[in-house]
>>> print(open('work.txt').read())   # compact mmCIF, C-alpha atoms
# COMPACT_ATOMS: atom_id res chain seq x y z
CA MET A 1 0.00 0.00 0.00
CA ALA A 2 1.43 3.38 -1.05
CA ALA A 3 2.31 5.83 1.73
CA ARG A 4 -0.08 8.75 2.09
CA ASP A 5 1.25 12.05 0.75
CA ASN A 6 1.32 14.53 3.62
CA THR A 7 3.08 17.31 1.69
CA ILE A 8 1.52 20.80 1.79
CA ARG A 9 2.83 23.06 -0.98
CA VAL A 10 2.42 26.83 -0.66
CA ALA A 11 3.26 29.44 -3.30
CA LEU A 12 4.44 32.81 -1.98
CA SER A 13 5.03 36.04 -3.89
CA SER A 14 8.20 36.60 -1.86
CA LEU A 15 10.45 34.25 0.06
CA ARG A 16 13.46 35.41 2.03
CA TRP A 17 15.71 33.05 3.97
CA PRO A 18 17.31 33.14 6.48
CA LEU A 19 14.63 35.21 8.17
CA ASP A 20 15.10 37.11 11.41
CA PRO A 21 11.73 37.39 13.25
CA ALA A 22 12.63 40.97 14.23
CA SER A 23 12.81 42.01 10.56
CA VAL A 24 9.49 40.54 9.40
CA SER A 25 7.31 43.15 7.65
CA THR A 26 5.12 41.35 5.09
CA ARG A 27 2.35 38.81 5.25
CA ASP A 28 4.41 36.12 3.49
CA GLU A 29 7.38 36.62 5.79
CA THR A 30 5.10 36.34 8.82
CA VAL A 31 3.57 33.09 7.56
CA VAL A 32 7.01 31.54 7.09
CA ALA A 33 8.40 32.84 10.38
CA ARG A 34 5.43 31.51 12.36
CA ALA A 35 6.02 28.02 10.96
CA VAL A 36 9.70 28.06 11.95
CA TYR A 37 9.75 30.02 15.23
CA SER A 38 7.79 29.91 18.49
CA THR A 39 6.30 33.02 20.08
CA PRO A 40 5.81 33.49 23.85
CA LEU A 41 2.04 33.72 23.31
CA ARG A 42 -0.19 33.07 20.31
CA THR A 43 -3.58 34.17 19.05
CA ASN A 44 -6.20 31.83 17.69
CA ALA A 45 -8.35 32.35 14.61
CA ALA A 46 -10.81 34.38 16.70
CA GLY A 47 -8.02 36.74 17.82
CA ARG A 48 -7.91 35.52 21.43
CA LEU A 49 -4.67 34.97 23.31
CA VAL A 50 -3.61 31.37 23.89
CA PRO A 51 -0.45 29.95 25.48
CA GLY A 52 2.75 29.53 23.52
CA LEU A 53 6.13 29.32 25.20
CA CYS A 54 4.43 31.13 28.08
CA THR A 55 1.48 29.57 29.87
CA ASP A 56 0.39 32.16 32.42
CA TRP A 57 0.42 35.96 32.70
CA GLN A 58 -0.81 38.61 35.10
CA ALA A 59 -0.58 42.37 35.62
CA THR A 60 0.21 44.47 38.70
CA ASN A 61 1.04 48.12 39.37
CA GLY A 62 -1.82 49.45 37.26
CA PHE A 63 -0.91 47.39 34.17
CA ARG A 64 2.67 48.68 34.29
CA THR A 65 4.22 45.39 35.44
CA TRP A 66 3.53 42.11 33.69
CA THR A 67 4.68 38.70 34.92
CA PHE A 68 4.76 35.63 32.66
CA ARG A 69 5.51 31.96 33.34
CA CYS A 70 7.54 30.74 30.39
CA GLN A 71 9.85 28.04 29.23
CA ASP A 72 12.95 29.51 27.59
CA ALA A 73 12.40 32.70 29.63
CA LEU A 74 16.04 33.78 29.31
CA GLN A 75 15.95 33.51 25.51
CA ILE A 76 12.63 35.38 25.37
CA ALA A 77 13.94 38.20 27.57
CA ALA A 78 17.07 38.53 25.42
CA GLU A 79 14.95 38.75 22.26
CA LEU A 80 12.59 41.38 23.69
CA ARG A 81 15.57 43.51 24.74
CA ARG A 82 17.15 43.12 21.30
CA VAL A 83 14.00 44.20 19.45
CA GLY A 84 13.59 47.11 21.86
CA ARG A 85 17.06 48.33 20.86
CA LEU A 86 16.70 47.54 17.15
CA THR A 87 15.18 50.74 15.79
CA SER A 88 14.98 49.30 12.26
CA SER A 89 12.70 46.46 13.40
CA PRO A 90 8.97 46.82 12.60
CA GLY A 91 8.39 45.47 16.12
CA HIS A 92 10.67 48.00 17.83
CA TRP A 93 7.72 50.03 19.18
CA LEU A 94 6.37 46.97 21.01
CA PHE A 95 9.27 46.65 23.45
CA ALA A 96 11.00 50.03 23.36
CA PRO A 97 8.63 51.32 26.14
CA ALA A 98 9.86 48.62 28.55
CA ARG A 99 11.73 50.05 31.52
CA THR A 100 13.17 46.65 32.46
CA ILE A 101 12.91 43.11 31.10
CA ALA A 102 14.16 40.57 33.62
CA VAL A 103 14.12 36.90 34.59
CA PRO A 104 14.31 37.03 38.42
CA ALA A 105 13.76 33.27 38.80
CA PRO A 106 13.82 30.27 36.44
CA GLY A 107 10.81 30.39 34.12
CA LYS A 108 9.65 33.78 35.39
CA LEU A 109 9.68 36.72 32.96
CA VAL A 110 8.92 40.19 34.32
CA VAL A 111 8.40 43.21 32.04
CA ARG A 112 8.08 46.65 33.66
CA LEU A 113 6.62 49.37 31.45
CA ASN A 114 6.85 53.14 31.77
CA THR A 115 3.11 53.58 31.20
CA PRO A 116 0.02 51.37 31.61
CA TRP A 117 -0.65 48.90 28.79
CA ARG A 118 -3.74 46.75 29.35
CA ARG A 119 -3.23 44.50 26.34
CA PHE A 120 0.55 44.13 26.54
CA PRO A 121 0.44 40.29 26.47
CA TYR A 122 -0.69 40.59 22.85
CA ALA A 123 2.74 42.07 22.06
CA LEU A 124 4.27 38.72 23.01
CA SER A 125 2.19 37.05 20.30
CA ALA A 126 3.93 39.16 17.61
CA ILE A 127 6.52 37.31 15.55
CA ALA A 128 9.11 39.91 16.60
CA ALA A 129 8.95 38.39 20.11
CA ALA A 130 10.00 34.93 18.90
CA PRO A 131 13.45 33.93 20.24
CA ARG A 132 15.58 32.89 17.29
CA GLY A 133 17.11 29.87 19.04
CA VAL A 134 13.80 28.24 20.01
CA PRO A 135 12.25 26.05 17.29
CA GLY A 136 8.65 26.35 16.22
CA ALA A 137 6.11 23.87 14.90
CA PHE A 138 8.24 22.89 11.88
CA ARG A 139 11.97 22.27 11.49
CA VAL A 140 13.96 23.38 8.44
CA VAL A 141 15.00 20.52 6.12
CA LYS A 142 16.24 22.35 3.02
CA ALA A 143 16.45 26.04 2.18
CA SER A 144 17.34 28.07 -0.90
CA SER A 145 16.49 31.49 -2.29
CA GLY A 146 13.31 30.21 -3.93
CA ARG A 147 12.28 27.16 -1.90
CA LEU A 148 12.00 26.29 1.78
CA GLN A 149 11.19 22.76 2.92
CA LEU A 150 10.02 22.17 6.49
CA ALA A 151 8.95 19.07 8.38
CA ARG A 152 6.72 18.24 11.34
CA GLY A 153 6.31 14.55 12.09
CA SER A 154 5.05 12.92 8.89
CA THR A 155 4.00 16.26 7.38
CA THR A 156 6.19 18.16 4.92
CA LEU A 157 5.56 21.86 4.30
CA VAL A 158 7.10 23.39 1.18
CA PHE A 159 7.12 27.14 0.49
CA ARG A 160 7.94 28.15 -3.10
CA ARG A 161 8.56 31.64 -4.44
CA LEU A 162 6.49 32.18 -7.58
CA SER A 163 5.04 35.22 -9.30
CA PRO A 164 1.26 35.44 -8.81
CA TYR A 165 0.48 34.33 -12.38
CA ALA A 166 3.00 31.48 -12.24
CA ALA A 167 1.45 30.46 -8.91
CA VAL A 168 -2.05 30.34 -10.47
CA ARG A 169 -0.74 28.14 -13.29
CA ALA A 170 0.97 25.86 -10.77
CA PHE A 171 -2.26 25.67 -8.76
CA ARG A 172 -4.25 24.63 -11.81
CA ARG A 173 -1.67 21.90 -12.53
CA HIS A 174 -1.97 20.74 -8.88
CA GLU A 175 1.70 21.56 -8.28
CA VAL A 176 0.84 23.80 -5.30
CA ASP A 177 -2.04 23.64 -2.82
CA GLU A 178 -2.20 27.35 -2.07
CA ALA A 179 -1.50 30.34 -4.32
CA PRO A 180 -1.95 34.11 -4.13
CA VAL A 181 -4.57 35.68 -6.40
CA PRO A 182 -3.00 38.27 -8.76
CA HIS A 183 -4.37 41.78 -8.28
CA GLY A 184 -7.16 42.52 -10.72
CA ASP A 185 -8.08 38.83 -11.15
CA LEU A 186 -10.19 38.17 -8.07
CA ALA A 187 -13.57 38.72 -9.76
CA TYR A 188 -12.60 36.43 -12.67
CA LEU A 189 -11.29 33.67 -10.43
CA ARG A 190 -14.32 33.86 -8.15
CA GLU A 191 -16.46 33.16 -11.21
CA HIS A 192 -14.26 30.53 -12.87
CA ALA A 193 -12.47 28.78 -10.01
CA ARG A 194 -13.49 27.08 -6.83
CA ASN A 195 -11.96 27.52 -3.41
CA VAL A 196 -11.07 31.21 -3.55
CA GLU A 197 -10.55 32.38 0.04
CA VAL A 198 -10.72 36.12 0.76
CA ARG A 199 -9.97 37.74 4.11
CA ARG A 200 -9.88 41.41 5.02
CA LEU A 201 -6.79 42.00 7.11
CA LEU A 202 -5.98 44.39 9.91
CA ALA A 203 -3.71 46.24 7.50
CA GLN A 204 -3.81 49.43 5.49
CA ASP A 205 -2.14 50.97 2.46
CA VAL A 206 -1.15 54.53 3.35
CA VAL A 207 0.93 57.49 2.25
CA ALA A 208 2.94 58.72 5.24
CA PHE A 209 4.63 62.14 5.05
CA ASP A 210 7.98 62.71 6.71
CA LYS A 211 7.75 65.37 9.40
CA GLY A 212 8.37 68.93 8.27
CA ARG A 213 9.07 68.18 4.61
CA VAL A 214 5.70 69.09 3.07
CA PRO A 215 3.52 72.11 4.09
CA LEU A 216 0.19 71.37 5.75
CA GLU A 217 -1.89 72.88 2.93
CA VAL A 218 -0.13 70.67 0.39
CA ARG A 219 -0.63 67.56 2.52
CA ARG A 220 -4.33 68.36 2.77
CA ALA A 221 -4.54 68.71 -1.01
CA TYR A 222 -3.05 65.23 -1.39
CA TRP A 223 -5.48 63.87 1.22
CA GLY A 224 -8.53 65.39 -0.50
CA THR A 225 -7.62 64.24 -4.01
CA ALA A 226 -6.35 60.72 -3.28
CA ASN A 227 -7.87 58.34 -5.84
CA ARG A 228 -9.17 55.85 -3.28
CA SER A 229 -12.08 54.52 -5.38
CA ASP A 230 -9.97 53.42 -8.36
CA TYR A 231 -7.30 52.07 -6.03
CA GLN A 232 -9.85 50.03 -4.10
CA ALA A 233 -11.49 48.73 -7.27
CA LEU A 234 -8.35 47.90 -9.25
CA VAL A 235 -5.88 46.89 -6.55
CA ALA A 236 -8.10 45.49 -3.82
CA ASP A 237 -10.62 44.05 -6.33
CA ASP A 238 -13.49 45.44 -4.25
CA ALA A 239 -12.64 42.89 -1.55
CA ALA A 240 -11.43 45.66 0.76
CA THR A 241 -12.92 49.08 1.40
CA GLU A 242 -11.62 52.58 0.86
CA ALA A 243 -9.99 54.01 3.97
CA PHE A 244 -10.88 57.50 5.17
CA ALA A 245 -9.43 57.07 8.67
CA LEU A 246 -6.70 55.06 10.35
CA ILE A 247 -9.09 53.13 12.58
CA GLY A 248 -12.65 54.40 12.25
CA THR A 249 -14.98 54.25 9.26
CA PRO A 250 -16.33 57.79 8.77
CA LYS A 251 -18.57 58.57 5.83
CA PRO A 252 -16.66 60.22 2.97
CA ASP A 253 -17.31 63.89 2.27
CA PRO A 254 -18.58 64.05 -1.34
CA THR A 255 -17.42 67.67 -1.60
CA ALA A 256 -13.85 67.05 -0.35
CA PHE A 257 -12.38 66.40 -3.80
CA ARG A 258 -13.91 69.52 -5.36
CA LYS A 259 -12.81 71.72 -2.45
CA ALA A 260 -9.25 70.36 -2.54
CA VAL A 261 -8.94 70.88 -6.31
CA ALA A 262 -10.19 74.46 -6.02
CA LEU A 263 -7.39 75.33 -3.60
CA ILE A 264 -4.52 73.78 -5.57
CA PRO A 265 -3.84 76.83 -7.84
CA ASP A 266 -3.17 78.95 -4.73
CA LEU A 267 -0.67 76.48 -3.24
CA ALA A 268 3.07 76.91 -3.44
CA THR A 269 4.55 74.74 -6.17
CA VAL A 270 6.06 71.96 -4.10
CA PRO A 271 7.40 68.77 -5.68
CA VAL A 272 6.66 65.79 -3.42
CA ARG A 273 8.83 62.70 -3.81
CA ILE A 274 6.92 59.58 -2.81
CA SER A 275 8.88 56.38 -2.32
CA VAL A 276 7.52 52.88 -2.83
CA MET A 277 9.19 49.54 -2.22
CA SER A 278 9.76 46.92 -4.93
CA ASP A 279 6.38 45.26 -4.47
CA SER A 280 4.42 44.88 -7.72
CA THR A 281 1.01 45.48 -6.11
CA LEU A 282 2.15 48.62 -4.29
CA GLN A 283 3.97 49.96 -7.33
CA TYR A 284 0.86 49.46 -9.45
CA GLY A 285 -1.24 51.22 -6.83
CA ALA A 286 1.25 54.06 -6.52
CA GLN A 287 1.00 54.73 -10.24
CA LEU A 288 -2.79 55.01 -9.92
CA LEU A 289 -2.46 57.51 -7.09
CA LEU A 290 0.22 59.58 -8.81
CA GLY A 291 -1.80 59.73 -12.02
CA GLN A 292 -4.70 61.39 -10.18
CA TRP A 293 -2.47 63.79 -8.27
CA ARG A 294 -0.65 64.95 -11.40
CA GLU A 295 -3.94 65.35 -13.24
CA VAL A 296 -5.21 67.86 -10.64
CA GLY A 297 -1.94 69.83 -10.72
CA LEU A 298 0.08 68.38 -7.83
CA ARG A 299 3.75 67.70 -8.49
CA ALA A 300 4.02 64.15 -7.23
CA GLN A 301 7.13 62.17 -8.16
CA LEU A 302 7.62 58.43 -7.64
CA VAL A 303 11.04 57.32 -6.40
CA SER A 304 12.48 53.98 -5.31
CA GLY A 305 12.06 52.79 -1.76
CA VAL A 306 15.70 53.47 -0.91
CA ALA A 307 15.81 57.00 -2.34
CA ARG A 308 15.43 60.19 -0.30
CA ALA A 309 11.73 61.03 -0.21
CA ASP A 310 9.17 63.39 1.30
CA ALA A 311 6.58 60.67 1.80
CA ARG A 312 6.37 56.89 1.74
CA PHE A 313 3.66 54.75 0.19
CA ARG A 314 3.55 51.52 2.14
CA ARG A 315 1.46 48.65 3.40
CA VAL A 316 1.24 48.51 7.18
CA LEU A 317 0.22 45.30 8.95
CA ALA A 318 -0.77 45.10 12.60
CA PRO A 319 1.49 42.71 14.55
CA TYR A 320 -1.38 41.45 16.72
CA PRO A 321 -5.19 41.44 16.31
CA GLN A 322 -6.13 44.68 18.06
CA ASN A 323 -6.81 48.07 16.47
CA GLU A 324 -4.19 49.68 18.71
CA ALA A 325 -1.57 47.49 17.02
CA LEU A 326 -2.27 49.06 13.63
CA LEU A 327 -1.76 52.53 15.11
CA GLY A 328 1.48 51.40 16.73
CA ALA A 329 2.73 49.97 13.44
CA LEU A 330 1.92 53.32 11.79
CA GLY A 331 3.99 55.13 14.41
CA VAL A 332 0.92 56.80 15.93
CA ALA A 333 0.54 56.97 19.72
CA ALA A 334 -2.23 54.58 20.72
CA PRO A 335 -4.44 54.67 23.86
CA LEU A 336 -2.82 51.56 25.32
CA GLY A 337 -3.97 52.11 28.88
CA LYS A 338 -7.69 52.62 28.26
CA VAL A 339 -10.39 49.99 28.70
CA ASP A 340 -12.78 51.45 26.11
CA GLN A 341 -10.68 52.89 23.32
CA ARG A 342 -13.39 54.03 20.93
CA ARG A 343 -13.43 57.70 21.91
CA ALA A 344 -9.62 57.78 21.97
CA PHE A 345 -9.47 56.22 18.49
CA ALA A 346 -11.87 58.88 17.19
CA ALA A 347 -9.60 61.58 18.63
CA VAL A 348 -6.56 59.99 16.98
CA ASP A 349 -8.35 59.94 13.62
CA ALA A 350 -9.47 63.56 14.03
CA ARG A 351 -5.94 64.74 14.80
CA ASN A 352 -4.49 62.84 11.87
CA ALA A 353 -7.13 64.19 9.48
CA ALA A 354 -6.40 67.75 10.65
CA LYS A 355 -2.65 67.35 10.15
CA ALA A 356 -2.94 65.09 7.07
CA SER A 357 0.29 63.42 8.18
CA ILE A 358 -0.78 59.92 7.12
CA ILE A 359 -3.19 59.52 4.21
CA PRO A 360 -5.21 56.29 4.55
CA ILE A 361 -5.91 54.88 1.09
CA SER A 362 -7.42 51.41 1.39
CA TRP A 363 -7.87 48.54 3.78
CA VAL A 364 -6.09 45.37 2.69
CA ALA A 365 -7.72 42.12 1.64
CA ASP A 366 -5.80 38.91 1.08
CA ALA A 367 -7.07 36.51 -1.58
CA ARG A 368 -5.84 32.93 -1.95
CA LEU A 369 -6.58 29.89 -4.06
CA VAL A 370 -6.74 26.97 -1.63
CA SER A 371 -6.98 23.34 -2.68
CA PRO A 372 -10.08 21.43 -1.50
CA SER A 373 -7.69 18.65 -0.49
CA LEU A 374 -6.53 20.71 2.51
CA ALA A 375 -8.41 20.34 5.77
CA GLY A 376 -8.08 22.87 8.59
CA TRP A 377 -6.84 25.75 6.41
CA GLN A 378 -7.87 29.04 7.99
CA GLU A 379 -6.46 32.56 7.69
CA ASP A 380 -6.73 34.99 10.58
CA VAL A 381 -7.08 38.77 10.53
CA LEU A 382 -3.28 39.15 10.38
CA GLY A 383 -2.97 36.91 7.33
CA ASN A 384 -1.52 34.03 9.36
CA VAL A 385 -2.22 30.39 8.60
CA ASP A 386 -1.40 27.80 11.27
CA TYR A 387 -0.04 25.02 9.08
CA ALA A 388 0.39 22.77 12.12
CA GLN A 389 -3.42 22.49 12.01
CA VAL A 390 -3.60 21.80 8.25
CA SER A 391 -3.68 18.28 6.84
CA ARG A 392 -4.60 16.48 3.65
CA ARG A 393 -8.06 15.01 3.41
>>> encode(input="work.txt", output="C-alpha cells")
Amino acid sequence: MAARDNTIRVALSSLRWPLDPASVSTRDETVVARAVYSTPLRTNAAGRLVPGLCTDWQATNGFRTWTFRCQDALQIAAELRRVGRLTSSPGHWLFAPARTIAVPAPGKLVVRLNTPWRRFPYALSAIAAAPRGVPGAFRVVKASSGRLQLARGSTTLVFRRLSPYAAVRAFRRHEVDEAPVPHGDLAYLREHARNVEVRRLLAQDVVAFDKGRVPLEVRRAYWGTANRSDYQALVADDAATEAFALIGTPKPDPTAFRKAVALIPDLATVPVRISVMSDSTLQYGAQLLLGQWREVGLRAQLVSGVARADARFRRVLAPYPQNEALLGALGVAAPLGKVDQRRAFAAVDARNAAKASIIPISWVADARLVSPSLAGWQEDVLGNVDYAQVSRR
C-alpha cells in the first residue's frame, strides 16, 4: 500500500531566507516565520490569546508590570531587549517602552513598562517576540532562495517563491495547494475557479509624510484628491474598502475632492517625492495615485524605496489582532492604557485628518486559491495560517 502524501505546498510572492523574526514586515514573511519560530504567546483564529512558550500571565502596578511563566524565559527576555534596541525592526515600538525586562527566577519573565498597557500580552504574540534559538512547529529541512522545505512529524511543508500568475498556473496543474490571487483577477477567479478564500486583514495601504518636509496645505490637497475609489477597485478588487481614517470608518465627504482641487492653484509649487518599495502590487497602486495627483496639478514624483523622499507609500500590517496594534505599526501613539478605546481612536483619527500626516488609502484584503484537499486551512485577521493544524483530506 502506497504511503499517504502529507506534503503541503504553498506558493508565496516573496520568500526570504534566512529570516530574522525581528525584521518581518510582510504577510508572506510572517507566515514563514510563524512556521519556523515559536512566540511566547499566540492568538487563535478568533483573535484571542492562547499559550505559547508562556502559559500564564498577570498584571500588577496598574498594568505597568507584567509577569509571565515561560519556558525559555532567558531567551525570550534577550529577544525582547534586542527588538527594543533595534530601531529598524517593525516590532521595535512593542518593546521600546519597557523600563526593564528581567528573569528574576527560572521560568519567570517580568516586564516593567513606563506607562500602563492593558493589552501588553498581545505584544508577546507578535513574531518579533519569537526567540531565534527556540524552534517552532516545523523544522527546516532544506532552504534556498526560492524554496523552503520544512517538516513536522510525517508532514512536509514546502514554500515556493512564484510570481502570482506562475502560482495560479501551478495551482491549476496541482503543483501547489495554495496560491496568491493576482491583483485585478479576483472577480474572474471567483467566477471561474473554486476555493477562492478572501480575508480582510488588519492592514492598510497609506501614504505617510515625513515630518516637516511638506507644508500642511499641500498635505491636505493630497489627502482630498487621493484616488481611493480606483485604487480600491483595481488593486483590492473590491474585496477591501476605501480608507478615510486610520481606525474608524467615517462617511466620505462628497465635496472634499472639489474643495481640494479648487485650492490647488493657490498652493506653493512643491514637488513631493513619494517612495515605494519593490512590491508589484504597491507599485501598481502608486502609479494610480500619482496619475490622479498629477492630473489635478500636484507635483508628485515616484522614487524607489531606498531614495530620499518626502513621503512613503507603504502597506502597514498590525502585529497582533487589536486596532491599537495598527496605530502602533503606523507610528501613531495609541491609547494603550484605556479599557474602552473608541473615543480615543476617534480623537486619533481627528488629529491625523487635521494634520494630514498619514493619508489612509485602502484597507487590505488577502485573496488565496486553496486546494479542497486541505483540511483545517484558515487565515486569521493578520494573514496568518497555522499550518500545524492543516492536513490532507
>>> closest_residue(input="work.txt", among="A:Ala221, A:Ile76, A:Ala193, A:Val296", to="A:Arg368", atoms="only C-alpha atoms")
A:Ala193
>>> closest_residue(input="work.txt", among="A:Tyr37, A:Ser25, A:Arg118, A:Thr100", to="A:Gln58", atoms="all atoms listed in the file")
A:Arg118
>>> residues_around(input="work.txt", residues="A:Ala78", least_positions_apart="2", cutoff="12 Å", atoms="all atoms listed in the file", output="list in words")
Asp72, Ala73, Leu74, Gln75, Ile76, Leu80, Arg81, Arg82, Val83, Gly84, Arg85, Phe95, Thr100, Ile101, Ala102, Val103, Leu109, Val111, Ala128, Ala129, Ala130, Pro131, Arg132 and Gly133 of chain A
>>> residues_around(input="work.txt", residues="A:Arg213", least_positions_apart="4", cutoff="10 Å", atoms="only C-alpha atoms", output="list of chain:residue names")
A:Phe209, A:Arg219, A:Val270, A:Val272, A:Ala309, A:Asp310, A:Ala311
>>> atom_distance(input="work.txt", atom1="atom CA of A:Gln149", atom2="atom CA of A:Ser38")
17.5 Å
>>> closest_atom_pairs(input="work.txt", of="stretch 113-195 of chain A", to="stretch 64-71 of chain A", cutoff="7 Å", atoms="all atoms listed in the file", output="JSON lines")
{"residue": "A:Leu113", "atom": "CA", "partner": "A:Arg64", "partner_atom": "CA", "distance": 4.9}
{"residue": "A:Asn114", "atom": "CA", "partner": "A:Arg64", "partner_atom": "CA", "distance": 6.6}
{"residue": "A:Thr115", "atom": "CA", "partner": "A:Arg64", "partner_atom": "CA", "distance": 5.8}
{"residue": "A:Pro116", "atom": "CA", "partner": "A:Arg64", "partner_atom": "CA", "distance": 4.6}
{"residue": "A:Trp117", "atom": "CA", "partner": "A:Arg64", "partner_atom": "CA", "distance": 6.4}
>>> atom_distance(input="work.txt", atom1="atom CA of A:Arg199", atom2="atom CA of A:Ala350")
27.7 Å
>>> residues_around(input="work.txt", residues="A:Tyr165", least_positions_apart="2", cutoff="10 Å", atoms="all atoms listed in the file", output="PyMOL selection string")
chain A and resi 13+162-163+167-171+179-183+185
>>> residues_around(input="work.txt", residues="A:Ala354", least_positions_apart="6", cutoff="12 Å", atoms="all atoms listed in the file", output="list in words")
Leu216, Glu217, Arg219, Arg220, Ala221, Trp223, Gly224, Ala245, Ala347 and Val348 of chain A
>>> atom_distance(input="work.txt", atom1="atom CA of A:Leu201", atom2="atom CA of A:Val364")
5.6 Å
>>> closest_residue(input="work.txt", among="A:Arg42, A:Arg119, A:Arg147, A:Arg48", to="A:Arg16", atoms="only C-alpha atoms")
A:Arg147
>>> residues_around(input="work.txt", residues="stretch 227-242 of chain A", least_positions_apart="6", cutoff="8 Å", atoms="all atoms listed in the file", output="PyMOL selection string")
chain A and resi 183-187+198+200+281+284-285+288-289+292+361-365
>>> write_last_selection(input="work.txt", atoms="C-alpha atoms", output="compact mmCIF listing (two decimals), keeping the file's coordinate frame")
# COMPACT_ATOMS: atom_id res chain seq x y z
CA HIS A 183 -4.37 41.78 -8.28
CA GLY A 184 -7.16 42.52 -10.72
CA ASP A 185 -8.08 38.83 -11.15
CA LEU A 186 -10.19 38.17 -8.07
CA ALA A 187 -13.57 38.72 -9.76
CA VAL A 198 -10.72 36.12 0.76
CA ARG A 200 -9.88 41.41 5.02
CA THR A 281 1.01 45.48 -6.11
CA TYR A 284 0.86 49.46 -9.45
CA GLY A 285 -1.24 51.22 -6.83
CA LEU A 288 -2.79 55.01 -9.92
CA LEU A 289 -2.46 57.51 -7.09
CA GLN A 292 -4.70 61.39 -10.18
CA ILE A 361 -5.91 54.88 1.09
CA SER A 362 -7.42 51.41 1.39
CA TRP A 363 -7.87 48.54 3.78
CA VAL A 364 -6.09 45.37 2.69
CA ALA A 365 -7.72 42.12 1.64
>>> closest_residue(input="work.txt", among="A:Ala105, A:Val110, A:Leu41, A:Ala318", to="A:Ala77", atoms="only C-alpha atoms")
A:Val110
>>> closest_residue(input="work.txt", among="A:Gly52, A:Pro104, A:Pro121, A:Gly291", to="A:Ala137", atoms="only C-alpha atoms")
A:Gly52
>>> closest_residue(input="work.txt", among="A:Arg273, A:Ala96, A:Tyr320, A:Ala307", to="A:Leu124", atoms="all atoms listed in the file")
A:Tyr320
>>> axis_aligned_box(input="work.txt", around="stretch 136-139 of chain A", padding_each_side="5 Å", output="JSON")
{"center_x": 9.0, "center_y": 24.3, "center_z": 13.9, "size_x": 15.9, "size_y": 14.1, "size_z": 14.7}
